[in-house]
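A.B. asks: Below you'll find start.cif; it's mmCIF, C-alpha atoms.
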data_protein
loop_
_atom_site.group_PDB
_atom_site.id
_atom_site.type_symbol
_atom_site.label_atom_id
_atom_site.label_comp_id
_atom_site.auth_asym_id
_atom_site.auth_seq_id
_atom_site.Cartn_x
_atom_site.Cartn_y
_atom_site.Cartn_z
ATOM 1 C CA MET A 1 111.353 112.172 164.002
ATOM 2 C CA GLU A 2 112.893 112.962 160.640
ATOM 3 C CA ILE A 3 111.732 111.423 157.363
ATOM 4 C CA LYS A 4 113.719 111.780 154.139
ATOM 5 C CA ILE A 5 111.926 111.775 150.801
ATOM 6 C CA GLU A 6 114.601 111.533 148.132
ATOM 7 C CA ASN A 7 112.147 111.393 145.231
ATOM 8 C CA ILE A 8 108.537 110.644 144.395
ATOM 9 C CA GLU A 9 109.199 106.884 144.514
ATOM 10 C CA HIS A 10 109.961 107.199 148.254
ATOM 11 C CA LEU A 11 106.755 109.073 149.014
ATOM 12 C CA ALA A 12 104.575 106.043 149.847
ATOM 13 C CA SER A 13 107.128 104.529 152.236
ATOM 14 C CA ALA A 14 107.667 107.924 153.896
ATOM 15 C CA ALA A 15 103.916 108.280 154.387
ATOM 16 C CA ARG A 16 103.682 104.757 155.804
ATOM 17 C CA LYS A 17 106.439 105.605 158.302
ATOM 18 C CA PHE A 18 104.561 108.774 159.300
ATOM 19 C CA VAL A 19 101.301 106.844 159.830
ATOM 20 C CA ASP A 20 103.110 104.140 161.825
ATOM 21 C CA GLU A 21 104.520 106.829 164.131
ATOM 22 C CA MET A 22 101.306 108.852 164.590
ATOM 23 C CA GLY A 23 100.435 107.028 167.796
ATOM 24 C CA GLU A 24 97.549 108.667 169.643
ATOM 25 C CA ASN A 25 98.218 112.059 168.056
ATOM 26 C CA ARG A 26 95.344 113.367 165.966
ATOM 27 C CA VAL A 27 96.073 116.980 164.970
ATOM 28 C CA PHE A 28 99.013 117.692 162.682
ATOM 29 C CA ALA A 29 100.050 121.179 161.540
ATOM 30 C CA PHE A 30 102.023 121.112 158.270
ATOM 31 C CA TYR A 31 104.477 123.969 157.750
ATOM 32 C CA GLY A 32 106.442 124.622 154.581
ATOM 33 C CA LYS A 33 106.854 127.063 151.758
ATOM 34 C CA MET A 34 104.458 127.125 148.833
ATOM 35 C CA GLY A 35 105.373 124.114 146.679
ATOM 36 C CA ALA A 36 107.183 122.248 149.475
ATOM 37 C CA GLY A 37 104.866 119.268 149.070
ATOM 38 C CA LYS A 38 102.422 119.611 151.956
ATOM 39 C CA THR A 39 99.388 118.540 149.933
ATOM 40 C CA THR A 40 101.313 115.765 148.184
ATOM 41 C CA PHE A 41 102.543 114.342 151.489
ATOM 42 C CA ILE A 42 99.091 114.578 153.103
ATOM 43 C CA LYS A 43 97.634 112.777 150.081
ATOM 44 C CA ALA A 44 100.200 109.978 150.531
ATOM 45 C CA ILE A 45 99.447 109.807 154.276
ATOM 46 C CA CYS A 46 95.731 109.491 153.550
ATOM 47 C CA GLU A 47 96.416 106.730 151.035
ATOM 48 C CA ALA A 48 98.546 104.935 153.649
ATOM 49 C CA MET A 49 95.547 105.196 155.997
ATOM 50 C CA GLY A 50 93.346 103.485 153.417
ATOM 51 C CA VAL A 51 91.509 106.538 152.103
ATOM 52 C CA LYS A 52 89.959 105.650 148.746
ATOM 53 C CA ASP A 53 88.546 109.116 148.006
ATOM 54 C CA VAL A 54 90.393 111.525 145.751
ATOM 55 C CA VAL A 55 92.568 113.569 148.094
ATOM 56 C CA ALA A 56 93.015 117.147 146.932
ATOM 57 C CA SER A 57 93.846 120.417 148.581
ATOM 58 C CA PRO A 58 90.750 121.977 150.151
ATOM 59 C CA THR A 59 91.931 125.437 149.101
ATOM 60 C CA PHE A 60 88.429 126.676 148.315
ATOM 61 C CA ALA A 61 86.372 124.478 150.648
ATOM 62 C CA ILE A 62 88.838 125.013 153.558
ATOM 63 C CA VAL A 63 88.156 121.467 154.796
ATOM 64 C CA ASN A 64 87.731 118.126 153.028
ATOM 65 C CA GLU A 65 86.487 115.022 154.778
ATOM 66 C CA TYR A 66 87.620 111.571 153.724
ATOM 67 C CA ALA A 67 87.028 108.098 155.143
ATOM 68 C CA ASP A 68 89.907 105.842 156.183
ATOM 69 C CA ALA A 69 90.050 102.041 155.726
ATOM 70 C CA GLU A 70 87.645 101.564 158.681
ATOM 71 C CA GLY A 71 85.231 104.210 157.428
ATOM 72 C CA GLN A 72 86.325 106.720 160.089
ATOM 73 C CA PRO A 73 86.641 110.420 159.212
ATOM 74 C CA VAL A 74 89.935 112.019 158.239
ATOM 75 C CA TYR A 75 89.960 115.822 157.958
ATOM 76 C CA HIS A 76 92.216 117.839 155.656
ATOM 77 C CA PHE A 77 92.356 121.623 156.070
ATOM 78 C CA ASP A 78 93.894 124.369 153.983
ATOM 79 C CA PHE A 79 93.755 127.757 155.698
ATOM 80 C CA TYR A 80 95.760 129.602 153.041
ATOM 81 C CA ARG A 81 92.802 131.666 151.840
ATOM 82 C CA ILE A 82 91.156 132.616 155.124
ATOM 83 C CA LYS A 83 91.263 136.277 155.944
ATOM 84 C CA ASN A 84 90.621 136.107 159.693
ATOM 85 C CA LEU A 85 89.922 133.714 162.549
ATOM 86 C CA ARG A 86 86.164 134.334 162.259
ATOM 87 C CA GLU A 87 86.178 132.284 159.034
ATOM 88 C CA ALA A 88 87.812 129.370 160.851
ATOM 89 C CA TYR A 89 85.275 129.635 163.680
ATOM 90 C CA ASP A 90 82.446 129.766 161.131
ATOM 91 C CA ILE A 91 83.363 126.370 159.667
ATOM 92 C CA GLY A 92 83.574 124.924 163.181
ATOM 93 C CA CYS A 93 87.255 124.047 162.978
ATOM 94 C CA GLU A 94 87.524 123.559 166.740
ATOM 95 C CA GLU A 95 84.905 120.794 166.568
ATOM 96 C CA TYR A 96 87.065 119.041 163.986
ATOM 97 C CA PHE A 97 90.285 119.597 165.969
ATOM 98 C CA TYR A 98 88.781 118.077 169.121
ATOM 99 C CA SER A 99 86.812 115.305 167.368
ATOM 100 C CA GLY A 100 89.397 112.604 168.052
ATOM 101 C CA TYR A 101 89.784 111.976 164.326
ATOM 102 C CA PRO A 102 92.931 112.753 162.318
ATOM 103 C CA CYS A 103 93.235 116.372 161.197
ATOM 104 C CA PHE A 104 95.921 117.384 158.719
ATOM 105 C CA ILE A 105 96.283 121.164 158.497
ATOM 106 C CA GLU A 106 97.984 123.138 155.749
ATOM 107 C CA TRP A 107 98.887 126.787 156.486
ATOM 108 C CA PRO A 108 98.284 126.435 160.257
ATOM 109 C CA GLU A 109 99.973 129.824 160.748
ATOM 110 C CA MET A 110 96.595 131.375 159.970
ATOM 111 C CA VAL A 111 94.829 129.666 162.911
ATOM 112 C CA GLU A 112 97.600 128.919 165.406
ATOM 113 C CA GLU A 113 95.704 130.333 168.361
ATOM 114 C CA LEU A 114 92.874 127.861 167.710
ATOM 115 C CA LEU A 115 95.079 124.756 167.548
ATOM 116 C CA PRO A 116 94.983 122.290 170.438
ATOM 117 C CA GLU A 117 97.933 122.254 172.829
ATOM 118 C CA ASP A 118 98.869 118.746 171.710
ATOM 119 C CA VAL A 119 99.096 119.657 168.006
ATOM 120 C CA VAL A 120 102.054 117.985 166.289
ATOM 121 C CA SER A 121 104.206 120.274 164.171
ATOM 122 C CA VAL A 122 105.258 118.825 160.811
ATOM 123 C CA ARG A 123 107.808 120.890 158.904
ATOM 124 C CA ILE A 124 108.690 120.095 155.293
ATOM 125 C CA GLU A 125 111.952 121.490 153.970
ATOM 126 C CA VAL A 126 113.196 121.262 150.394
ATOM 127 C CA SER A 127 116.911 120.912 149.688
ATOM 128 C CA GLU A 128 118.738 122.267 146.648
ATOM 129 C CA ASN A 129 118.466 118.867 144.933
ATOM 130 C CA GLU A 130 114.669 118.836 145.499
ATOM 131 C CA GLU A 131 114.784 116.183 148.246
ATOM 132 C CA ARG A 132 112.291 116.732 151.024
ATOM 133 C CA THR A 133 112.963 116.312 154.699
ATOM 134 C CA VAL A 134 109.961 116.040 156.987
ATOM 135 C CA PHE A 135 110.552 117.021 160.605
ATOM 136 C CA VAL A 136 107.849 115.771 162.963
ATOM 137 C CA GLY A 137 107.451 117.018 166.523
#
Please re-express this file's structure in structure tokens.
C.D. replies:
Amino acid sequence: MEIKIENIEHLASAARKFVDEMGENRVFAFYGKMGAGKTTFIKAICEAMGVKDVVASPTFAIVNEYADAEGQPVYHFDFYRIKNLREAYDIGCEEYFYSGYPCFIEWPEMVEELLPEDVVSVRIEVSENEERTVFVG
């Protein structure tokens, strides 16, 4: 699947399309350069899922937990700052990944060997005119 985000006004509809297409998938690995919009898109996805909490990058906490419209957990990871896999093990990331609840992962490159086999790759690319294209799958 490919989702175009021409500008910030298209962000909510792009996130809604992503959520509508999630299906039974629960673990999503977001790839993209620094500033590509990973956190911004995850925030919009969470809002489309009915999250009322303030969604922010868990850069220092590594993982943030939110509640969706039904009160079910939604997990948001940022592995940018981890130095080794031990840190990911220490927070129990595998328990989150196999919980059955949505997990949105920024900087998955740092923990790729811990990701489930059915992880969905989400790549965000920025064009010269600042449009974003999200490639899912």
A.B. asks: Please enumerate the residues selected by the PyMOL selection byres ((chain A and resi 117) around 12) when evaluated against the supplied file, formatted as a list in words.
C.D. replies: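 Selected by the PyMOL selection byres ((chain A and resi 117) around 12) in this file: Asn25, Arg26, Val27, Phe28, Ala29, Phe97, Tyr98, Glu112, Glu113, Leu114, Leu115, Pro116, Asp118, Val119, Val120 and Ser121 of chain A.
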A.B. asks: Using the chain letters and residue numbers of this document, give as a list in words the residues selected by the PyMOL selection byres ((chain A and resi 76) around 10).
C.D. replies: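 Checked against the file, the PyMOL selection byres ((chain A and resi 76) around 10) matches Phe28, Thr39, Ile42, Lys43, Cys46, Val55, Ala56, Ser57, Pro58, Ile62, Val63, Asn64, Glu65, Tyr66, Pro73, Val74, Tyr75, Phe77, Asp78, Tyr96, Pro102, Cys103, Phe104, Ile105 and Glu106 of chain A.
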A.B. asks: Suppose we keep C-alpha atoms; can you now write the selection as a PDB file, keeping the file's coordinate frame?
C.D. replies:
ATOM      1  CA  PHE A  28      99.013 117.692 162.682  1.00  0.00           C
ATOM      2  CA  THR A  39      99.388 118.540 149.933  1.00  0.00           C
ATOM      3  CA  ILE A  42      99.091 114.578 153.103  1.00  0.00           C
ATOM      4  CA  LYS A  43      97.634 112.777 150.081  1.00  0.00           C
ATOM      5  CA  CYS A  46      95.731 109.491 153.550  1.00  0.00           C
ATOM      6  CA  VAL A  55      92.568 113.569 148.094  1.00  0.00           C
ATOM      7  CA  ALA A  56      93.015 117.147 146.932  1.00  0.00           C
ATOM      8  CA  SER A  57      93.846 120.417 148.581  1.00  0.00           C
ATOM      9  CA  PRO A  58      90.750 121.977 150.151  1.00  0.00           C
ATOM     10  CA  ILE A  62      88.838 125.013 153.558  1.00  0.00           C
ATOM     11  CA  VAL A  63      88.156 121.467 154.796  1.00  0.00           C
ATOM     12  CA  ASN A  64      87.731 118.126 153.028  1.00  0.00           C
ATOM     13  CA  GLU A  65      86.487 115.022 154.778  1.00  0.00           C
ATOM     14  CA  TYR A  66      87.620 111.571 153.724  1.00  0.00           C
ATOM     15  CA  PRO A  73      86.641 110.420 159.212  1.00  0.00           C
ATOM     16  CA  VAL A  74      89.935 112.019 158.239  1.00  0.00           C
ATOM     17  CA  TYR A  75      89.960 115.822 157.958  1.00  0.00           C
ATOM     18  CA  PHE A  77      92.356 121.623 156.070  1.00  0.00           C
ATOM     19  CA  ASP A  78      93.894 124.369 153.983  1.00  0.00           C
ATOM     20  CA  TYR A  96      87.065 119.041 163.986  1.00  0.00           C
ATOM     21  CA  PRO A 102      92.931 112.753 162.318  1.00  0.00           C
ATOM     22  CA  CYS A 103      93.235 116.372 161.197  1.00  0.00           C
ATOM     23  CA  PHE A 104      95.921 117.384 158.719  1.00  0.00           C
ATOM     24  CA  ILE A 105      96.283 121.164 158.497  1.00  0.00           C
ATOM     25  CA  GLU A 106      97.984 123.138 155.749  1.00  0.00           C
TER      26      GLU A 106
END
A.B. asks: Could you state the separation of CA of Glu94 in chain A and CA of Pro108 in chain A in Å, given to one decimal place?
C.D. replies: 12.9 Å
A.B. asks: Between A:Gly71, A:Val134, A:Ala61, A:Tyr80, which one has atoms that come closest to Glu109 in chain A, using all atoms listed in the file?
C.D. replies: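 That would be A:Tyr80, the residue with the smallest distance to Glu109 in chain A.
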A.B. asks: Would you be able to write out as a list in words which residues have an atom within 6 Å of (93.8, 129.1, 147.6) in the file's coordinates, counting only C-alpha atoms?
C.D. replies: Thr59, Phe60, Tyr80 and Arg81 of chain A
A.B. asks: For the selection just defined, write its residues with C-alpha atoms to a file, as a PDB file, keeping the file's coordinate frame.
C.D. replies:
ATOM      1  CA  THR A  59      91.931 125.437 149.101  1.00  0.00           C
ATOM      2  CA  PHE A  60      88.429 126.676 148.315  1.00  0.00           C
ATOM      3  CA  TYR A  80      95.760 129.602 153.041  1.00  0.00           C
ATOM      4  CA  ARG A  81      92.802 131.666 151.840  1.00  0.00           C
TER       5      ARG A  81
END
A.B. asks: As JSON, please report the centre and edge lengths, rounded to one decimal in Å, of the axis-aligned box that holds all listed atoms of range 44-60 of chain A with 3 Å of padding on each of the six sides.
C.D. replies:
{"center_x": 94.3, "center_y": 115.1, "center_z": 150.9, "size_x": 17.8, "size_y": 29.2, "size_z": 16.2}
A.B. asks: In file coordinates, which residues lie within 8 Å of (114.6, 112.1, 146.1) using all atoms listed in the file, given as a compact mmCIF listing (two decimals) with C-alpha atoms, in the frame of the given file?
C.D. replies:
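To be explicit, this is the file written out as part-v4.txt:
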# COMPACT_ATOMS: atom_id res chain seq x y z
CA ILE A 5 111.93 111.78 150.80
CA GLU A 6 114.60 111.53 148.13
CA ASN A 7 112.15 111.39 145.23
CA ILE A 8 108.54 110.64 144.40
CA GLU A 9 109.20 106.88 144.51
CA HIS A 10 109.96 107.20 148.25
CA ASN A 129 118.47 118.87 144.93
CA GLU A 130 114.67 118.84 145.50
CA GLU A 131 114.78 116.18 148.25
CA ARG A 132 112.29 116.73 151.02
